[in-house]
Structures are given as C-alpha cells and as structure tokens.
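Okay, structure first, notes after.
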Amino acid sequence: MNKFYLSSLLAVLVLALIAWVGAPALPWLFGIVVPYLAVLCFVVGVSRRVMGWSRSAVPFAIPTTGGQQKSFDWIKSNKIDNPSTKFAVVIRMALEILTFRSLFRNTRMRMTPEGRLAYNMEIFLWAGALAFHYAFLTTLIRHMRFFLEPVPWCIQLIENVDSFFRVEISYNPIQFGLPGIYMSGLVLLGAVIFLFLRRVLLSKVRYISLASDYFPLFLIMGIAFTGILMRYFNKVDLIAIKELTMNLVTFKALLSFKVPAGISPLFFIHLLFVSTLLAYFPFSKLMHMGGVFLSPTRNMTANTREVRHVNPWNYPVKVHTYAAYENEFREKMFEAGLPLEIMPEDSTAEEGKE
Amino acid sequence: MADETPKAAQLLAKINYTPQAKQWMDVPVQIRKGMYCYAGNPKSLEYLGFPNARQWNPVEEDWKLPENWQQILHEGFKERLERFRSIKVFMDICVRCGACADKCHFFIGTGDPKNMPVLRAELLRSIYRNDFTTAGKLFGKLAGARPMTLEVLKEWWYYLFQCTECRRCSLFCPYGIDTAEITIFGRELLNLLGLNIDWIATPAANCYRTGNHLGIQPHAFKDMIDFFCDDIETITGLKPEPNFNMKGADILFVTPSGDVFADPGTYTCMGYIMLFHYLKEKYGLKVTWSTYASEGGNFGFFTSHETMKRLNAKMYLEAKRLGVKWILGGECGHMWRVIHQYMDTMNGPADFLQEPVNPITGTKFENAKSTKMVHIAEFLADLIKHGKLDLKPERNDNKILTFHDSCNTSRGMGMFDEPRYVIQNVANHFYEMPANTIREQTFCCGSGSGLNAGENMEQRMAGGLPRANAVKYVHEKFGVNMLACVCAIDRAALPPLMQYWVPEVQVTGLTELVANALVLPEEQERTTDLRGEPLPGMEEADE
Ligand code: SF4
Ligand code: SF4
C-alpha cells in the first residue's frame with residue numbers, strides 16, 4: 001500500500017465529511033465564504049505564478065527542433081516542428097495545446113527476450129489525457145448555465161450536443177424520468193479513473209508519483225462522482241442551487257449572506273471539492289495549464305541563425321585573446337612558419353623597453 | 001576497454017525495467033565503478049578560475065566542500081530561477097505523466113529508474129519545492145519536497161553526469177520540458193562547488209589556453225595537418241597546401257580538434273583538406289584554418305553558460321582578426337547546438353562578417369544570415385546540388401551505409417536532409433535505421449556532453465545500447481557495415497560502441513565519404529580509400 005495515494009484519498013474523504021457535517025450548520029460558510037475565498041485564491045495565485053514566470057528572463061532561444069530545418073528551397077522543411085516564423089510557432093503551440101501533439105508521438109519501449117529493442121506506438125496516455133481535458137472543458141462550459149440568466153444559446157447548443165450522444169439505458173425503472181445523460185460527465189469520470197489506474201498499475205509511473213499527483217485525481221473523481229449523483233440519482237433542488245450561484249456571480253450573496261434553503265449536503269460536498277480544487281490549483285502541478293504557453297522549447301522560433309535572439313543579462317566575460325595566445329606561443333609559431341602579428345625580434349625589443 | 005566492463009551479454013541480462021517497490025527518495029545513491037567519471041583536476045579548474053579547486057574523489061565519503069555549500073547552492077539556484085524562465089517553468093509544471101520515462105537511452109540501457117528523465121529532474125525539483133514553494137514548505141515529502149543533504153548532492157552529481165543533454169525526452173514531453181536544460185543548469189550549480197569531472201574540466205582548460213581541447217600547441221597542430229597532407233599525397237599523388245591563420249581568406253574553417261587527433265576522425269579531417277584543395281584549384285576559393293580558434297567543440301557548454309561563452313568567443317574574434325567573409329563549421333554535434341542556438345546571442349552580433357553566400361554557386365545561406373556560420377553539410381549539399389563537385393560514388397561501393405543523426409544537430413537544429421542528400425550523392429548503398437531511432441527521434445551515442453572518458457565504459461556502453469541495437473538491426477537486415485555521422489564525439493564514441501555491440505560495423509564521417517568520391521584535378525588513379533584500404537575493384541592492384 002502506498003502512503004501517497006492513501007493520504008490523498010483520506011484528504012478527499014475528510015473534505016467530504018467536513019462539508020457533509022458542516023454545511024447544514026453553517027451554510028453561509030460553505031455556500032458563500034469558501035467559494036469566494038477559493039476563487040480569490042485561484043485568481044491571485046494563478047496571476048502571481050504566471051507573472052513570476054514572465055518576470056524570469058529568456059536568455060537563449062532553445063526550441064526543441066522536431067523536424068527538418070529551413071535551409072534550401074529544394075529541401076522541404078518541417079514548418080510546424082521546426083518553425084521559422086511567428087505564425088508557424090502559433091500553429092505549433094495551438095496543436096500542442098489543442099491536440100497534445102507531443103504526447104501523440106508517445107511510444108512504448110520493450111525489450112524482446114533476444115535483447116532486441118522495439119518501440120511501439122502508445123496512444124492510450126494521449127487518448128486518456130485528451131478525453132479527460134475535453135470532458136472537463138465541456139463540463140465546465142455546461143456549468144455556465146448556473147451563472148448566466150438567460151442561458152445563452154451556445155451553452156444550450158453544447159448541452160444538446162453533449163447529450164446527443166445519449167447513453168440509452170433500457171432498464172425501464174431507471175430510464176423513467178431521467179434527464180438526458182451527458183457524455184462529458186461520464187467520460188470525465190472514466191478518464192480520471194483511467195489516469196488513476198495507470199498511476200497505480202504501471203510500475204514506472206507509480207515510482208514517480210507523489211501525493212500531489214493523486215490528490216487532484218481523487219478530487220476530480222469526487223467532483224465528477226458527486227455531480228453525476230446529483231443529476232441522476234439523488235435529485236437536488238436545481239432552482240435553489242441556481243439562485244445561490246446567481247447570487248454568487250452577481251455578488252448579491254455578499255450583501256444578503258443568505259443561502260437558499262433546501263440545498264442538499266451532496267451539493268455542498270461537490271462545492272467544497274470544487275473550491276478546494278480552485279484554491280489548490282496555483283500551488284500545484286495543475287499550473288501546467290498556464291506553463292505550457294510559456295515553455296521556451298515550444299514557443300520560440302527556430303530560425304536562430306537567421307535572427308539574433310537578445311539575452312537581457314548578457315555580460316562580458318574573460319576570454320583568452322589572440323594577443324595573449326600569440327605572446328605565449330610566438331617562438332613556436334614562428335619556427336613552424338605560422339603568420340604572426342608581432343615578430344619575435346620585435347616582441348623582445350618591446351619587452352626590453354618595458 | 002577496461003577489463004572490468006561487463007561483457008555485452010552480461011550487461012543486457014542485468015537490465016531490469018521494474019523499479020523497486022520503495023519510494024525513490026528512500027533509495028540511497030550508490031556511486032558505482034564504471035558508471036562515473038573521475039573528478040576534475042584542480043589545476044584545470046584553477047586555470048579557468050573556478051571555485052573550490054581541490055583534489056577529491058567521488059567514491060570517498062568526504063567531498064571537501066566549502067563550509068557553506070548549501071547556501072551557495074541555494075543562492076545559485078535562486079539567481080538562476082530569475083535568469084532562466086526555462087528552469088522556473090520546468091520546475092513547476094511537470095505532471096509526472098511518465099511520457100518521457102522510457103525515452104532516455106540511459107534508462108533503456110541501465111534500467112535505473114533515476115535515469116528516467118522525469119526523475120532526473122525531480123532530483124532537483126524536490127529541492128526547489130523545499131526551498132522555494134509554499135506547498136513544499138507546508139507538506140514536505142507529501143508534496144515531493146526534501147531538504148538538501150550531502151546524500152542528495154551526491155545523487156545530483158551521479159545522475160547529472162549520466163545525462164548526455166540529448167533532448168530526446170523533451171521531444172515527447174507534452175510541455176516540452178527539456179531535461180537537458182535541467183542538466184545544464186544542475187551542472188552549472190555543481191560547478192559552483194568545484195564538482196566537475198576531469199574529462200570536461202581539462203579539455204575546457206586546454207581549449208581556453210591553446211585553442212583546442214587536446215591542448216595541441218600551434219606548431220603541433222600545423223604538423224599534424226601537414227602529416228595528413230603527406231598521406232593524401234600517397235593516395236592521390238597531390239599534396240595540398242592548407243592555409244593557416246591567413247588574413248584575407250574568404251572563409252574561416254572551424255572544426256573539433258578531435259578529428260585532428262584520433263582515428264577515424266582523422267580521415268574526416270583529411271576529407272576537409274582535400275575538399276578545400278579541390279575548391280582552391282578549381283574555383284580559387286581561399287579557406288583558412290586557425291590555430292587560435294582550432295576547436296569547434298565547446299566543453300564549456302557542459303560546464304556553465306559563462307564558460308561556454310568564454311570558449312566560443314574565439315570563433316568571432318578570429319574571424320574578425322583575419323577579416324574573412326564568413327565562417328564554415330565542420331562536423332560536430334554540440335558545437336552546432338552552441339552555434340545554432342547560443343553563439344549569436346552570446347558573442348554576436350557578428351556585423352563585421354558578411355551574410356554568407358557560397359561564392360561558387362551564388363547560393364545565399366538565408367538561414368545563417370545573422371550568425372554567419374554555415375554547416376559543412378549545408379555547404380556540401382549546395383555544391384553537389386549545383387554540380388560543382390566531380391564525384392565518383394562507386395569508390396564507396398564497398399561501404400553499405402547507414403546514418404546516425406547526432407542529438408544536437410537533430411533536436412537543437414533540425415539538420416536531417418542535408419547530410420542524407422550528400423551521402424546519397426557520394427555513395428550508392430544507403431539504408432535507414434528504424435524510424436523511431438533516427439531523425440528527431442534519434443538515440444544518443446551514449447557518450448555525449450563530455451562523458452566519453454575511459455573510466456565510465458560501462459555507462460557508455462549501456463547508454464549507447466539503443467543506438468547500437470538499431471545499427472545491429474540494419475546490419476543484420478541489409479548488411480550495413482559502415483555507420484556515417486556528422487559529429488566528432490560520435491567518431492570517438494561510436495567505434496568502441498560498435499566494437500562492443502556490433503563489431504562488424506565501422507564508423508565514418510560525412511566528409512570522409514565525400515573525399516573518397518571526390519576526383520581532384522590531376523590526381524593519379526587511386527587504388528585505396530583514405531584509410532589505405534583497397535577501393536572496390538582495386539583489391540588486385542593493392543600490393
Ligand atoms: S513527459 Fe514531461 S510532464 Fe510528463 S513526466 Fe516527463 S517531464 Fe513530466
Ligand atoms: S536529455 Fe537525453 S540523456 Fe538527458 S534525461 Fe533527457 S533523454 Fe536522458
């Protein structure tokens with residue numbers, strides 16, 4: 001048993017318990033104060049991180065070149081993986097961020113019993129990660145209906161598309177009266193479980209995993225799970241929830257400090273999980289969301305011999321000059337017939353003068 | 001090769017890719033013979049003005065560190081976080097997805113989990129979290145943080161000198177995290193405490209003083225080149241007269257000194273001499289060598305950014321002094337990473353040079369417009385494309401070739417098709433290694449970044465396993481017997497690697513192949529190649 005994932009799991013369970021017990025007693029704390037603090041923490045934390053990164057200098061242009069450079073017009077260059085224009089960099093970054101291009105390259109190394117190495121395509125991590133991120137994004141957008149009144153058409157559209165892939169459950173008693181099932185919620189839960197299993201089952205990944213890798217996974221698992229529970233199994237009072245969320249975004253909650261009655265503790269667990277995720281975000285590896293934009297191996301043009309990159313802190317250094325070199329080796333250079341700046345006789349004459 | 005180095009089969013049998021059940025922080029470092037390089041000679045450190053020069057031994061308990069070494073590291077770390085966004089971002093955003101884990105040749109060759117790029121970086125990240133992040137301070141080990149101890153320092157040293165800065169990991173990382181960059185930074189920190197290896201420190205010191213890594217003094221450098229000219233005369237009947245330190249030459253030529261010194265690099269060096277002789281006779285091109293800037297390689301790059309700059313400065317200084325138009329660079333890997341991505345920034349702008357134009361073909365090297373330095377493979381490809389070289393590729397017919405992309409010219413430059421174009425025009429039998437082992441996915445020779453010493457032979461043979469394995473594949477499938485490359489370290493490192501894993505395969509530089517095929521004006525009929533081996537069809541004539 002691994003204390004890293006146990007402690008993370010425990011932390012998430014404790015959070016749930018706190019919300020379960022605490023929310024009915026102190027709804028204003030869990031419904032208003034904690035969410036506000038979490039959002040504040042998120043906004044301030046993320047900006048500080050990003051500003052911290054941008055404050056650091058970029059002394060050298062160090063793009064990782066993943067394809068043929070631009071040299072002659074008769075050699076086809078790889079414009080995306082070895083971008084020589086700003087526009088190409090934008091394409092490279094966009095593909096990286098939207099399609100996880102580098103991860104798509106992933107291979108799995110294997111050694112056969114005869115000692116031959118083989119590298120096979122490995123797309124599961126890519127597929128899992130992509131499913132996870134897009135499901136998360138869709139869920140997030142879908143939740144905008146709680147913060148906007150009237151609900152804009154684009155969000156309606158996403159909802160419709162999302163539930164268009166309706167999962168048919170033919171078991172009648174369940175299907176009866178069920179709202180359309182959102183793919184995104186299920187995919188999110190499935191993907192996060194996949195990412196977790198991968199972490200515990202693959203020995204190499206388990207070896208490198210820290211508590212800070214398991215914790216967000218459990219948290220997101222918890223969020224997805226409580227979300228699905230609320231929607232399909234333990235119907236909650238949507239009207240009351242929407243009233244609360246609208247009060248939160250319009251800051252009315254700050255004045256009234258009232259949480260509408262009748263919201264189930266399940267919702268507060270969901271909300272505390274989300275708040276924790278937000279507050280935790282800037283201090284964790286989740287910052288990769290922002291960092292990927294600033295990664296110098298990906299976001300720089302690779303035309304480094306064509307255009308000079310300037311290092312803001314470039315400073316002069318001590319170098320061994322030609323003059324010092326010739327002074328040391330003059331006699332030998334002379335004997336070998338190498339050209340000289342100062343002939344040996346002149347140099348001795350000069351030394352004599354000193 | 002050292003006798004203690006395990007045999008190939010033993011080395012293979014030792015590899016186990018399943019890490020221990022323990023957490024990695026609880027596995028103490030074991031500095032093992034054959035897997036590390038000797039400590040830097042204090043004289044070399046002193047010559048370069050590095051701190052804490054002293055005699056020390058990595059396997060001894062006491063590393064003779066300055067009293068406040070932790071503070072030195074902490075401050076060095078802090079300062080560099082501000083200077084290098086790369087480091088700051090890479091410290092923060094790794095998600096430990098493991099995509100990079102099995103991409104490193106040292107992991108593949110040793111199975112040591114701390115050779116997974118992500119863990120190599122975590123060795124430093126754990127200290128970063130402890131010293132610089134709130135989460136690390138609050139949650140300690142749970143957040144992956146740990147304090148700096150002597151144990152940790154030894155672990156850093158051991159694993160940072162088990163990375164060849166090849167960047168293969170960075171290609172696969174979804175955020176482009178470049179463990180090579182982290183190694184460069186980590187080694188820079190280690191240098192603050194005088195913890196270098198001798199195979200880096202001494203060449204760097206030599207280079208600073210004499211202009212080249214081997215410490216060859218000017219007259220000896222000239223002697224060696226003259227000696228090659230005698231050999232060329234034996235083979236072709238013509239004796240080239242190369243220019244040295246020549247003012248007013250068209251082009252300054254800079255290449256790694258390794259090629260002047262050891263086989264099979266020497267044949268590549270002969271190739272350069274013959275090429276320049278040809279261009280002089282046919283087109284009147286004046287190329288000069290320099291004894292002052294007689295090193296293209298830059299072991300400063302494996303030491304610190306500052307040392308890199310100090311050693312690199314000579315190229316522009318010499319080009320300016322001699323008044324050449326632009327600089328031509330020979331075959332080398334890390335030399336080209338430095339030229340392509342650092343030189344102009346560090347020591348430029350080179351506004352005293354001209355935008356490089358090939359005077360023979362009129363081609364403008366647009367891609368080298370600012371740095372004003374052209375790669376010999378680019379230069380050759382351009383000459384061949386315009387039909388300016390008189391070639392007899394059949395002279396290379398007994399060579400069944402494959403091509404090893406150097407890490408640096410691949411992932412730090414992207415030069416793939418130029419050398420291939422040249423090879424295919426000077427030889428008739430060429431086969432590629434499997435796709436996952438070439439071009440941007442190429443595997444390191446296992447000895448890059450200053451690790452090509454003698455005492456760490458086991459490390460080198462293990463690190464070179466993936467490369468050798470791919471060569472073995474084409475050897476068995478197509479009968480490949482010659483591995484071509486464009487790097488001087490490769491030419492030093494690949495022969496023993498081949499000897500170890502695929503003894504039937506030899507190693508050649510690109511320009512050697514060109515010179516074999518090149519027909520010099522008024523040469524005698526050649527019976528041997530540059531190595532003195534009979535040319536195809538001349539086996540009878542020999543003797
Ligand atoms: S691939 Fe990148 S993010 Fe994934 S473990 Fe390696 S360095 Fe970290
Ligand atoms: S740069 Fe190369 S040697 Fe270093 S960790 Fe990455 S793959 Fe391994």
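Residue numbering restarts at 1 in every chain; chains get A, B, ... in the order shown in the structure tokens, and ligands count up from 1 in that same order.
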
(request) Let me have all residues with an atom within 6 Å of ligand 1, counting only C-alpha atoms and all ligand atoms, laid out as a PyMOL selection string. (result) chain B and resi 94-100+118+173-175+177

(request) Collect all residues with atoms no farther than 9 Å from ligand 2, counting only C-alpha atoms and all ligand atoms, and output them as a PyMOL selection string. (result) chain B and resi 100-107+115-121+160+162-170+178-183+407+443-444+446+448+463

Include N, CA, C and O atoms and write out the residues we just selected as a tab-separated table (two decimals), in the first residue's frame.
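Output contents, as saved in part_24.tsv:
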chain	number	residue	atom	x	y	z
B	100	CYS	N	8.02	10.71	-20.79
B	100	CYS	CA	9.44	10.78	-21.10
B	100	CYS	C	10.22	9.60	-20.55
B	100	CYS	O	11.38	9.39	-20.90
B	101	ALA	N	9.59	8.82	-19.66
B	101	ALA	CA	10.33	7.84	-18.87
B	101	ALA	C	11.19	6.88	-19.69
B	101	ALA	O	12.38	6.73	-19.43
B	102	ASP	N	10.59	6.25	-20.69
B	102	ASP	CA	11.38	5.26	-21.43
B	102	ASP	C	11.97	5.82	-22.71
B	102	ASP	O	12.25	5.09	-23.64
B	103	LYS	N	12.16	7.14	-22.76
B	103	LYS	CA	12.73	7.74	-23.95
B	103	LYS	C	14.23	7.96	-23.81
B	103	LYS	O	14.91	8.27	-24.77
B	104	CYS	N	14.74	7.83	-22.61
B	104	CYS	CA	16.15	8.14	-22.35
B	104	CYS	C	17.00	6.90	-22.57
B	104	CYS	O	16.71	5.84	-22.04
B	105	HIS	N	18.07	7.06	-23.35
B	105	HIS	CA	18.94	5.91	-23.63
B	105	HIS	C	19.60	5.39	-22.36
B	105	HIS	O	19.92	4.22	-22.27
B	106	PHE	N	19.82	6.26	-21.38
B	106	PHE	CA	20.43	5.76	-20.15
B	106	PHE	C	19.46	4.92	-19.34
B	106	PHE	O	19.85	3.95	-18.69
B	107	PHE	N	18.19	5.26	-19.40
B	107	PHE	CA	17.20	4.40	-18.73
B	107	PHE	C	17.09	3.07	-19.48
B	107	PHE	O	17.11	2.00	-18.88
B	115	ASN	N	17.30	7.23	-13.92
B	115	ASN	CA	17.67	7.69	-15.25
B	115	ASN	C	16.45	7.99	-16.11
B	115	ASN	O	16.59	8.37	-17.28
B	116	MET	N	15.27	7.84	-15.55
B	116	MET	CA	14.11	8.33	-16.28
B	116	MET	C	14.21	9.85	-16.22
B	116	MET	O	14.40	10.41	-15.15
B	117	PRO	N	14.09	10.52	-17.36
B	117	PRO	CA	14.27	11.97	-17.36
B	117	PRO	C	13.45	12.67	-16.27
B	117	PRO	O	13.93	13.59	-15.61
B	118	VAL	N	12.23	12.22	-16.09
B	118	VAL	CA	11.37	12.88	-15.11
B	118	VAL	C	12.00	12.79	-13.71
B	118	VAL	O	12.01	13.75	-12.95
B	119	LEU	N	12.59	11.65	-13.39
B	119	LEU	CA	13.19	11.54	-12.06
B	119	LEU	C	14.49	12.32	-11.95
B	119	LEU	O	14.80	12.89	-10.92
B	120	ARG	N	15.25	12.33	-13.05
B	120	ARG	CA	16.48	13.14	-13.04
B	120	ARG	C	16.10	14.58	-12.68
B	120	ARG	O	16.74	15.21	-11.85
B	121	ALA	N	15.03	15.05	-13.28
B	121	ALA	CA	14.59	16.41	-12.99
B	121	ALA	C	14.03	16.52	-11.58
B	121	ALA	O	14.23	17.52	-10.89
B	160	LEU	N	23.43	13.69	-12.83
B	160	LEU	CA	23.59	14.76	-13.81
B	160	LEU	C	24.75	14.45	-14.75
B	160	LEU	O	24.82	14.97	-15.86
B	162	GLN	N	25.02	11.47	-15.78
B	162	GLN	CA	24.51	10.31	-16.52
B	162	GLN	C	23.43	10.78	-17.48
B	162	GLN	O	22.49	10.07	-17.79
B	163	CYS	N	23.55	12.02	-17.89
B	163	CYS	CA	22.63	12.58	-18.88
B	163	CYS	C	23.52	13.21	-19.93
B	163	CYS	O	24.46	13.91	-19.60
B	164	THR	N	23.25	12.91	-21.19
B	164	THR	CA	24.12	13.47	-22.23
B	164	THR	C	23.50	14.71	-22.88
B	164	THR	O	23.93	15.13	-23.94
B	165	GLU	N	22.50	15.27	-22.24
B	165	GLU	CA	21.88	16.51	-22.73
B	165	GLU	C	21.41	16.34	-24.17
B	165	GLU	O	21.59	17.22	-25.01
B	166	CYS	N	20.80	15.18	-24.44
B	166	CYS	CA	20.46	14.85	-25.82
B	166	CYS	C	19.09	15.38	-26.23
B	166	CYS	O	18.75	15.38	-27.40
B	167	ARG	N	18.25	15.74	-25.29
B	167	ARG	CA	16.93	16.34	-25.52
B	167	ARG	C	15.89	15.37	-26.08
B	167	ARG	O	14.85	15.80	-26.56
B	168	ARG	N	16.16	14.08	-26.07
B	168	ARG	CA	15.16	13.18	-26.62
B	168	ARG	C	13.90	13.23	-25.77
B	168	ARG	O	12.79	13.19	-26.27
B	169	CYS	N	14.09	13.38	-24.47
B	169	CYS	CA	12.94	13.45	-23.57
B	169	CYS	C	12.06	14.65	-23.89
B	169	CYS	O	10.84	14.57	-23.83
B	170	SER	N	12.70	15.75	-24.25
B	170	SER	CA	11.93	16.99	-24.45
B	170	SER	C	11.02	16.91	-25.67
B	170	SER	O	10.02	17.60	-25.76
B	178	ASP	N	12.53	20.09	-20.93
B	178	ASP	CA	13.78	19.63	-21.50
B	178	ASP	C	14.73	19.28	-20.37
B	178	ASP	O	15.31	20.16	-19.75
B	179	THR	N	14.88	17.99	-20.11
B	179	THR	CA	15.75	17.60	-19.02
B	179	THR	C	17.20	17.97	-19.31
B	179	THR	O	17.99	18.19	-18.40
B	180	ALA	N	17.54	18.09	-20.59
B	180	ALA	CA	18.89	18.55	-20.92
B	180	ALA	C	19.12	19.94	-20.32
B	180	ALA	O	20.17	20.21	-19.75
B	181	GLU	N	18.13	20.78	-20.43
B	181	GLU	CA	18.22	22.14	-19.89
B	181	GLU	C	18.41	22.07	-18.36
B	181	GLU	O	19.18	22.84	-17.79
B	182	ILE	N	17.72	21.15	-17.75
B	182	ILE	CA	17.83	20.99	-16.30
B	182	ILE	C	19.22	20.47	-15.94
B	182	ILE	O	19.83	20.90	-14.96
B	183	THR	N	19.74	19.55	-16.74
B	183	THR	CA	21.09	19.05	-16.50
B	183	THR	C	22.12	20.16	-16.67
B	183	THR	O	23.04	20.29	-15.86
B	407	CYS	N	22.38	13.95	-31.72
B	407	CYS	CA	21.31	14.55	-30.93
B	407	CYS	C	21.22	16.05	-31.18
B	407	CYS	O	20.15	16.60	-31.37
B	443	PHE	N	18.72	8.34	-31.27
B	443	PHE	CA	19.29	8.00	-29.97
B	443	PHE	C	20.73	8.46	-29.89
B	443	PHE	O	21.48	8.39	-30.86
B	444	CYS	N	21.09	8.87	-28.72
B	444	CYS	CA	22.45	9.36	-28.44
B	444	CYS	C	23.46	8.22	-28.58
B	444	CYS	O	23.14	7.06	-28.41
B	446	GLY	N	25.55	7.80	-26.48
B	446	GLY	CA	25.76	7.38	-25.09
B	446	GLY	C	26.95	8.03	-24.43
B	446	GLY	O	27.22	7.81	-23.26
B	448	GLY	N	27.87	11.53	-25.13
B	448	GLY	CA	27.88	12.97	-25.37
B	448	GLY	C	28.05	13.78	-24.10
B	448	GLY	O	28.17	13.23	-23.01
B	463	GLY	N	24.54	3.28	-22.22
B	463	GLY	CA	23.85	4.43	-22.81
B	463	GLY	C	23.74	4.32	-24.32
B	463	GLY	O	22.80	4.81	-24.93

(message) List the spatial neighbours of Val292 of chain A as an NGL selection string - criterion: any atom at most 12 Å away, only C-alpha atoms, same-chain residues fewer than 3 positions off excluded.
(response) (:A and (50 or 53 or 92-98 or 100 or 102 or 285-289 or 295-299)) or (:B and (86 or 89-90 or 92-95 or 173-177))

(request) Have a look at B:Trp336, B:Phe161, B:Tyr272, B:Trp24 and name the one nearest to chain A; count only C-alpha atoms. (result)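 Using only C-alpha atoms, chain A sits closest to B:Trp24.
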
(request) Enumerate, as a PyMOL selection string, the complete set of residues in segment 234-469 of chain B that a backbone-based DSSP assignment places in helix (DSSP H, G or I). (result) chain B and resi 234-236+258-261+265-283+299-302+305-322+334-347+366-368+376-385+393-396+407-411+417-426+435-437+439-441+457-463+465-469

(request) Show which residues sit within 12 Å of Phe334 of chain A, as a list of chain:residue names. Count only C-alpha atoms, and ignore same-chain residues fewer than 2 positions away. (result) A:Glu326, A:Asn327, A:Glu328, A:Phe329, A:Arg330, A:Glu331, A:Lys332, A:Ala336, A:Gly337, A:Leu338, A:Pro339, A:Leu340, A:Glu341, A:Ile342, A:Met343, A:Pro344, A:Glu345, A:Ser347, B:Pro218, B:His219, B:Lys222

(message) Just want the 9 Å neighbourhood of Pro349 of chain B, counted on only C-alpha atoms, with same-chain residues fewer than 5 positions away dropped. Output as a ChimeraX atom specification.
(response) /A:308 /B:344,370-371
